[in-house]
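Structure first, then comments.
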Amino acid sequence: MIAPKHRCAHKRITPSLFSADPTEPHNVEHKKYTLDLLGKIFTVELNNWADQAHGSVLVRLGDTVVLVTAVMSAHPREGGGDFFPLSVDYEEKFYATGKILGSRFIKRETRPSEDAILTSRLIDRSIRPRFDMRVRNDVQVIVTVLSIDEQNDPDVPALLGASLALSLSDIPWQGPIAGVRVGKKTSMNGEKQELMLNPFYEDRISHDLDVIISATGERINMIEAGANEMPEGDFAAAIEWGFEHIKTMIRFQEEIIAEHKHVKREVKMTQRSPELTGLMNTEFMAKVEAAMYGHQPHDKQIVHSAIAEVKEAWMKKATEMHPDLFTKAEANLLFEEAINDIVHKRIIEKGERPDGRKPNEVRSLSASVGLLPRTHGSGLFMRGETHVLSLLTLGGPGDSQIIEGMETQTKKNFLHHYNFPPFSVGETRPMRGPGRREIGHGALAGRALLPLIPPRDQFPYTIRLVSEVLSSNGSSSMASVCGSSLALMNAGVPIKKAAGGAAMGLMLNEKGEYKVLTDIQGPEDHHGDMDFKAAGTRDGITAIQMDVKIEGITPQMLRDTLADAHVCRMKILDTMDAVISKPNENLSPWAPRIEIIKINPEKIGALIGPGGKVINEIIAQTGVQIDIDEDGTVYITSVKEEGMKEAIAAVKQITREVKAGEIFEGRVGRVLDFGAMVEIAPRQDGLVHISELAPWRVNKVTDIVNIGDVVKVIVKNIDDQGRVNLSLKDVPGAYSQEDIEKHRNDAPEPRYDERRGGGHDRRR
């Protein structure tokens, strides 16, 4: 059930709800503003801390505090370039947690974590559409996390800070925007669902929905969501609910901006001269259209070659006709705008896509599994010219990834990595590891699959998936979801069901007419107005990612897109199910096996041994991997069956719970005046008191046993301190009646403890 809207305390801007702190001087250098949003208090402070930044603001939510700055370079990039140079950096600071983090040797922050990169991308995708893309001055937004309270995520305050830092600067920007996080939690009986605004970290763990939305006051322009198979209608309702609260945050910002309005800087932009524009319209527009739409059947390479030929002719003619006006940047801009106009017009007016498909038509689909002999699982998914090979590797619990970041200290036992090599798009470039795009796409596909992964107590393996993009023409991240789902089933991982996904697009004209596109390709992504990636199962959504190049989309556009994405997903899942519809019953013969043993947590120390000596000896002798949880759960991982058996026997022997009445055969390890210590299990011994050695009075321990003797003993009891008391005389059959009669008349002599008056507990 959707929570009511009337709870918001900020229904309108009033001095009581939105006001400067009366204790502070009324000047721009130091002023505070607050907003109560369903009980979450946002505080915005304008001060002179970052005095030389062009815009800066301090935002606080709870005890989480971020400083956001915005700076624009004084001059355009030399040579102009063909893109708007915006960079967003989210800087995690370990001091914000009040902890000294890092490795043993490096205690300062180094390269950004995956979480930091994802947050940077989230902010970038929110603010970028509000810039004029003709700007060639560098713009940099830096978010520095100064304090974190382990309850409130800094990403939502960072979005607010980025919007205000840009709005209060002289940087040309069409803001403000704002963002909120929406969660949805199902009650224990499954009857009630409640939407939550900006939930705490602990509240997000069991949520069926975790989504961040950013928007202007009129349109939604960014979505980043993970969900537990949520129906499309419920998802749309949650977005609309969050959008209403964003409007409140927009009004909050508008009041601050009005009070501190800055004149925006005059910036030189890439211009369109009338002469070059006329040349394009009269002589080249038709040629561009023919290059894009004149090849059937559509072939990416042929179309690219045709467009490249037209572009080369255009650049040559423009240089010859208007040498005094020609600039490469303007010529590139005009050519790209021509393609953009043609694609929009043909799709909106005629429903014609460059490759000949209908707006809701999916490209040809293909799926296969079990392609490589030694990998634990593999799946190949092909959609048109997008081909992704996903490989799965299983490891033990000890192979999980340790995450130690500003916000999180945990272990991950499910990993998805995404690689996008240059040959996948027919290009060359240096291979220097994953960039922000690869990390973002990998995280998105991983989020889409996470709700399907079995819990650790049912499947204790560490799972690593790697999606290799072999050929790309749009939506490779969603193809990674499909390929990885195939690989999971092929490997025998007991996932609940298959997941698939596709990218959706949008073409919108100045009249407000639009067409939603199913399964977009590269040109439709590049020239379209929206990139909407939707993944899920037959029963609902597991992940959504959306960004736009326009102001944003309306709730109705969102619902239309979700509906078409559902139809597309069903077709994709049909293709996948035809190849493999449920997980294989057996794991790959090359995959390790895991056995789980439960031991008394008090025995963990004995199993590990001093400095890890005991456990390391078992590992070295058997070749297994052993991992221990604090609750006494022991995971033994091995590829070899014999090593597994040996390790299990050793662990059970070391951690065995000795009980009164049990009989052991042990070796005498030490002889004391008052008894003998007998090792009844590896690294576990007990005391046979001198009085328990024989059914007659024993004068010297060595009269009965010596070091190295192997004897049978019975456990008499375990005392309160866990010490084991043994008996040799009470073992059935240890002594014959003849032995007893022989020693019955022996002259009694005082025992050790009688002579010295000592007790019998002196073991060491």
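Ordered as shown in the structure tokens, chains take letters A, B, and onward, while each chain numbers its residues from 1 and ligands are numbered from 1 in the order shown.
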Would you list the contacts of Met677 in chain A as a short mmCIF file (atom, residue, chain, number, x, y, z; two decimals) with N, CA and C atoms, in the first residue's frame, taking every protein, DNA or RNA residue within 8 Å and counting only C-alpha atoms, but skipping same-chain residues closer than 4 positions in sequence?
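result-v8.cif written:
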```
data_model
loop_
_atom_site.label_atom_id
_atom_site.label_comp_id
_atom_site.auth_asym_id
_atom_site.auth_seq_id
_atom_site.Cartn_x
_atom_site.Cartn_y
_atom_site.Cartn_z
N VAL A 668 50.32 -42.17 26.04
CA VAL A 668 50.78 -41.42 27.21
C VAL A 668 51.77 -40.37 26.75
N GLY A 669 51.45 -39.10 27.03
CA GLY A 669 52.32 -38.01 26.59
C GLY A 669 53.23 -37.48 27.67
N ARG A 670 52.73 -37.49 28.92
CA ARG A 670 53.53 -37.01 30.05
C ARG A 670 53.24 -37.87 31.26
N VAL A 671 54.26 -38.01 32.08
CA VAL A 671 54.11 -38.72 33.35
C VAL A 671 54.42 -37.74 34.47
N LEU A 672 53.48 -37.61 35.40
CA LEU A 672 53.63 -36.70 36.52
C LEU A 672 53.65 -37.51 37.81
N ASP A 685 43.95 -33.96 25.44
CA ASP A 685 44.38 -34.99 26.38
C ASP A 685 43.57 -34.89 27.67
N GLY A 686 43.73 -35.90 28.48
CA GLY A 686 43.06 -35.96 29.77
C GLY A 686 43.98 -36.57 30.81
N LEU A 687 43.60 -36.39 32.06
CA LEU A 687 44.43 -36.86 33.17
C LEU A 687 43.91 -38.19 33.70
N VAL A 688 44.81 -39.16 33.80
CA VAL A 688 44.54 -40.38 34.56
C VAL A 688 45.24 -40.22 35.91
N ARG A 763 48.02 -30.73 37.32
CA ARG A 763 48.30 -31.42 36.06
C ARG A 763 49.58 -30.93 35.40
#
```
Give me, as CSV, each residue of range 425-469 of chain A that comes within 10 Å of range 487-503 of chain A, together with its shortest interatomic pair and the distance in Å at one decimal, counting only C-alpha atoms, with rows ordered by chain and rising residue number.
```
residue,atom,partner,partner_atom,distance
A:Ala445,CA,A:Gly501,CA,9.1
A:Ala448,CA,A:Ala499,CA,7.6
A:Leu449,CA,A:Ala499,CA,6.9
A:Leu450,CA,A:Ile495,CA,9.7
A:Pro451,CA,A:Lys496,CA,8.9
A:Leu452,CA,A:Ile495,CA,5.3
A:Ile453,CA,A:Ile495,CA,5.4
A:Pro454,CA,A:Ile495,CA,5.9
A:Pro455,CA,A:Ile495,CA,9.8
A:Gln458,CA,A:Pro494,CA,9.0
A:Phe459,CA,A:Pro494,CA,7.9
A:Tyr461,CA,A:Val493,CA,9.2
A:Ile463,CA,A:Val493,CA,9.0
A:Arg464,CA,A:Leu488,CA,9.9
A:Leu465,CA,A:Ala487,CA,8.2
A:Val466,CA,A:Ala487,CA,9.9
A:Ser467,CA,A:Ala487,CA,9.9
```
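Taking range 379-454 of chain A and asking which residues DSSP calls helix (DSSP H, G or I) on the backbone, you get Pro397, Gly398, Asp399, Pro422, Phe423, Ser424, Val425, Arg436, Arg437, Glu438, Ile439, Gly440, His441, Gly442, Ala443, Leu444, Ala445, Gly446, Arg447, Ala448, Leu449, Leu450, Pro451 and Leu452 of chain A.
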Please, which residues of range 88-301 of chain A, numbered as in this document, come out strand (DSSP E) from DSSP, as an MDAnalysis selection string? chainID A and resid 88:91 137:147 178:186 193:197 209:215 220:230
If you keep N, CA and C atoms, can you produce a file of those selected residues as a CSV table (one decimal), in the first residue's frame?
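Saved file selection.csv follows:
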```csv
chain,number,residue,atom,x,y,z
A,88,VAL,N,32.4,14.4,-12.8
A,88,VAL,CA,31.9,14.3,-11.4
A,88,VAL,C,32.7,13.4,-10.6
A,89,ASP,N,33.2,13.8,-9.5
A,89,ASP,CA,34.1,13.0,-8.6
A,89,ASP,C,33.5,13.0,-7.2
A,90,TYR,N,33.2,11.7,-6.8
A,90,TYR,CA,32.7,11.5,-5.4
A,90,TYR,C,33.9,11.0,-4.6
A,91,GLU,N,34.3,11.8,-3.6
A,91,GLU,CA,35.5,11.6,-2.9
A,91,GLU,C,35.1,11.0,-1.5
A,137,ASN,N,33.7,24.3,-22.4
A,137,ASN,CA,34.5,24.6,-21.2
A,137,ASN,C,34.4,23.4,-20.2
A,138,ASP,N,35.5,23.0,-19.6
A,138,ASP,CA,35.4,21.9,-18.6
A,138,ASP,C,34.6,22.3,-17.4
A,139,VAL,N,33.8,21.4,-16.9
A,139,VAL,CA,33.0,21.6,-15.7
A,139,VAL,C,33.3,20.4,-14.8
A,140,GLN,N,33.6,20.7,-13.6
A,140,GLN,CA,33.9,19.7,-12.6
A,140,GLN,C,33.1,19.9,-11.3
A,141,VAL,N,32.4,18.8,-10.9
A,141,VAL,CA,31.7,18.8,-9.7
A,141,VAL,C,32.4,17.8,-8.8
A,142,ILE,N,32.8,18.2,-7.6
A,142,ILE,CA,33.4,17.3,-6.6
A,142,ILE,C,32.6,17.3,-5.4
A,143,VAL,N,32.3,16.0,-5.0
A,143,VAL,CA,31.6,15.8,-3.7
A,143,VAL,C,32.6,15.2,-2.7
A,144,THR,N,32.8,15.9,-1.6
A,144,THR,CA,33.7,15.4,-0.6
A,144,THR,C,32.8,15.0,0.7
A,145,VAL,N,32.9,13.8,1.0
A,145,VAL,CA,32.1,13.3,2.2
A,145,VAL,C,32.9,13.6,3.4
A,146,LEU,N,32.4,14.5,4.3
A,146,LEU,CA,33.1,14.9,5.5
A,146,LEU,C,32.8,14.1,6.7
A,147,SER,N,31.5,13.7,6.8
A,147,SER,CA,31.1,12.9,7.9
A,147,SER,C,30.0,12.0,7.5
A,178,ALA,N,16.6,17.4,-8.2
A,178,ALA,CA,16.7,16.9,-6.8
A,178,ALA,C,16.5,15.4,-6.9
A,179,GLY,N,16.9,14.7,-5.9
A,179,GLY,CA,16.8,13.2,-5.9
A,179,GLY,C,16.3,12.7,-4.5
A,180,VAL,N,15.7,11.6,-4.5
A,180,VAL,CA,15.3,10.9,-3.3
A,180,VAL,C,15.5,9.4,-3.5
A,181,ARG,N,15.6,8.7,-2.4
A,181,ARG,CA,15.6,7.2,-2.4
A,181,ARG,C,14.3,6.7,-1.9
A,182,VAL,N,13.7,5.7,-2.6
A,182,VAL,CA,12.4,5.1,-2.1
A,182,VAL,C,12.7,3.7,-1.9
A,183,GLY,N,12.2,3.2,-0.7
A,183,GLY,CA,12.2,1.8,-0.4
A,183,GLY,C,10.8,1.3,-0.2
A,184,LYS,N,10.7,0.0,-0.4
A,184,LYS,CA,9.4,-0.7,-0.2
A,184,LYS,C,9.6,-2.0,0.6
A,185,LYS,N,9.0,-2.1,1.7
A,185,LYS,CA,9.2,-3.2,2.6
A,185,LYS,C,7.9,-4.0,2.8
A,186,THR,N,7.9,-5.3,2.6
A,186,THR,CA,6.8,-6.2,2.8
A,186,THR,C,6.8,-6.7,4.2
A,193,GLN,N,2.5,-3.6,2.3
A,193,GLN,CA,3.7,-3.0,1.8
A,193,GLN,C,3.7,-1.5,2.0
A,194,GLU,N,4.8,-1.0,2.5
A,194,GLU,CA,4.8,0.4,2.8
A,194,GLU,C,6.0,1.1,2.1
A,195,LEU,N,5.8,2.2,1.5
A,195,LEU,CA,6.8,3.0,0.9
A,195,LEU,C,7.6,3.8,1.9
A,196,MET,N,8.9,3.9,1.8
A,196,MET,CA,9.7,4.6,2.8
A,196,MET,C,10.6,5.6,2.0
A,197,LEU,N,10.7,6.8,2.5
A,197,LEU,CA,11.5,7.8,1.8
A,197,LEU,C,12.8,8.0,2.5
A,209,LEU,N,12.4,-3.1,-2.6
A,209,LEU,CA,12.7,-2.1,-3.6
A,209,LEU,C,13.7,-1.1,-3.0
A,210,ASP,N,14.7,-0.8,-3.8
A,210,ASP,CA,15.7,0.3,-3.4
A,210,ASP,C,16.0,1.1,-4.7
A,211,VAL,N,15.4,2.2,-4.8
A,211,VAL,CA,15.5,3.0,-6.0
A,211,VAL,C,15.8,4.5,-5.7
A,212,ILE,N,16.7,5.0,-6.4
A,212,ILE,CA,17.0,6.5,-6.4
A,212,ILE,C,16.5,7.1,-7.6
A,213,ILE,N,15.7,8.2,-7.4
A,213,ILE,CA,15.1,8.9,-8.5
A,213,ILE,C,15.6,10.4,-8.5
A,214,SER,N,16.0,10.9,-9.6
A,214,SER,CA,16.2,12.3,-9.7
A,214,SER,C,15.3,13.0,-10.7
A,215,ALA,N,15.0,14.2,-10.6
A,215,ALA,CA,14.0,14.9,-11.5
A,215,ALA,C,14.1,16.4,-11.3
A,220,ILE,N,11.0,13.4,-14.8
A,220,ILE,CA,12.0,12.4,-14.2
A,220,ILE,C,13.1,12.2,-15.1
A,221,ASN,N,14.3,12.4,-14.6
A,221,ASN,CA,15.5,12.3,-15.6
A,221,ASN,C,16.5,11.3,-15.2
A,222,MET,N,16.4,10.5,-14.1
A,222,MET,CA,17.3,9.5,-13.8
A,222,MET,C,16.7,8.5,-12.8
A,223,ILE,N,16.9,7.2,-13.0
A,223,ILE,CA,16.4,6.2,-12.2
A,223,ILE,C,17.5,5.1,-12.0
A,224,GLU,N,17.8,4.7,-10.8
A,224,GLU,CA,18.7,3.6,-10.5
A,224,GLU,C,18.0,2.7,-9.5
A,225,ALA,N,17.6,1.5,-9.9
A,225,ALA,CA,16.8,0.7,-9.0
A,225,ALA,C,17.2,-0.8,-8.9
A,226,GLY,N,17.0,-1.4,-7.8
A,226,GLY,CA,17.1,-2.8,-7.6
A,226,GLY,C,15.8,-3.2,-6.9
A,227,ALA,N,15.2,-4.3,-7.3
A,227,ALA,CA,13.9,-4.8,-6.8
A,227,ALA,C,13.9,-6.3,-6.7
A,228,ASN,N,13.0,-6.8,-5.9
A,228,ASN,CA,12.8,-8.2,-5.7
A,228,ASN,C,11.6,-8.7,-6.5
A,229,GLU,N,11.7,-8.7,-7.8
A,229,GLU,CA,10.7,-9.2,-8.7
A,229,GLU,C,9.4,-8.4,-8.5
A,230,MET,N,9.5,-7.1,-8.6
A,230,MET,CA,8.4,-6.2,-8.4
A,230,MET,C,7.5,-6.0,-9.7
```
Ala694 in chain A: which residues within 9 Å, counting only C-alpha atoms, same-chain residues fewer than 3 positions away excluded, as a ChimeraX atom specification? /A:690-691,697-698,704,727-730,734-735,740
Restricting the output to C-alpha atoms, write the selected residues as an mmCIF file, in the first residue's frame.
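What ended up in out_32.cif:
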```cif
data_model
loop_
_atom_site.group_PDB
_atom_site.id
_atom_site.type_symbol
_atom_site.label_atom_id
_atom_site.label_comp_id
_atom_site.auth_asym_id
_atom_site.auth_seq_id
_atom_site.Cartn_x
_atom_site.Cartn_y
_atom_site.Cartn_z
ATOM 1 C CA ILE A 690 47.358 -42.174 40.050
ATOM 2 C CA SER A 691 44.357 -43.529 41.905
ATOM 3 C CA ARG A 697 47.202 -48.876 45.490
ATOM 4 C CA VAL A 698 49.862 -47.634 43.019
ATOM 5 C CA ILE A 704 51.825 -48.953 35.458
ATOM 6 C CA SER A 727 40.400 -43.819 34.245
ATOM 7 C CA LEU A 728 42.383 -46.830 33.218
ATOM 8 C CA LYS A 729 41.214 -49.195 35.970
ATOM 9 C CA ASP A 730 37.509 -48.796 35.052
ATOM 10 C CA ALA A 734 41.666 -53.794 31.578
ATOM 11 C CA TYR A 735 42.648 -56.015 34.521
ATOM 12 C CA ILE A 740 43.634 -57.895 41.238
#
```
Set out as a tab-separated table a contact list for range 295-350 of chain A and range 66-79 of chain A with a cut-off of 10 Å, giving each residue of range 295-350 of chain A that qualifies its closest atom pair and distance in Å to one decimal, counting only C-alpha atoms, ordered by chain and rising residue number.
```
residue	atom	partner	partner_atom	distance
A:Thr327	CA	A:Gly79	CA	9.4
A:Lys328	CA	A:Gly79	CA	8.6
A:Ala329	CA	A:Gly79	CA	7.8
```
Show me, as a ChimeraX atom specification, the residues that have an atom within 12 Å of Met504 in chain A when counting only C-alpha atoms, minus same-chain residues fewer than 2 positions from it. /A:359-362,474-475,478,501-502,506-507,515-522,524-525,528-535,544-548,557-558,560-569
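With only C-alpha atoms as the atoms that count, the residue of A:Arg357, A:Arg60, A:Lys316, A:Lys549 with the shortest distance to Arg130 in chain A is A:Lys549.
Using only C-alpha atoms, the shortest contact distance between Arg353 in chain A and any of A:Gly98, A:Gly405, A:Gly294, A:Gly398 is found at A:Gly294.
Taking CA of Phe423 in chain A and CA of Ala308 in chain A as endpoints, the distance between them is 19.0 Å.
Counting from CA of Thr462 in chain A, the distance to CA of Ser390 in chain A is 16.2 Å.
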Spatial neighbours of Glu642 in chain A, 12 Å, only C-alpha atoms, chain gap at least 2 places, as number ranges by chain: A: 593, 621-624, 637-640, 644-649
Glu349 in chain A environment, 10 Å, only C-alpha atoms, sequence neighbours closer than 3 positions dropped, as JSON, numbers by chain: {"A": [344, 345, 346, 352, 509, 513, 514, 515]}
Next, write the just-selected residues to a file, as an mmCIF file, in the first residue's frame, keeping C-alpha atoms as the atom set.
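Generated output (out-v2.cif):
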```cif
data_model
loop_
_atom_site.group_PDB
_atom_site.id
_atom_site.type_symbol
_atom_site.label_atom_id
_atom_site.label_comp_id
_atom_site.auth_asym_id
_atom_site.auth_seq_id
_atom_site.Cartn_x
_atom_site.Cartn_y
_atom_site.Cartn_z
ATOM 1 C CA HIS A 344 13.451 11.330 -34.841
ATOM 2 C CA LYS A 345 11.282 12.211 -37.810
ATOM 3 C CA ARG A 346 11.245 8.758 -39.407
ATOM 4 C CA GLU A 352 10.576 3.425 -39.211
ATOM 5 C CA ASN A 509 9.707 15.853 -30.752
ATOM 6 C CA GLU A 513 4.784 13.394 -29.614
ATOM 7 C CA TYR A 514 6.858 10.358 -28.739
ATOM 8 C CA LYS A 515 7.568 6.764 -29.584
#
```
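Around Trp173 in chain A, within 7 Å and counting only C-alpha atoms, the residues found are A:Arg130, A:Phe131, A:Leu166, A:Ser167, once anything fewer than 4 positions away on its own chain is removed.
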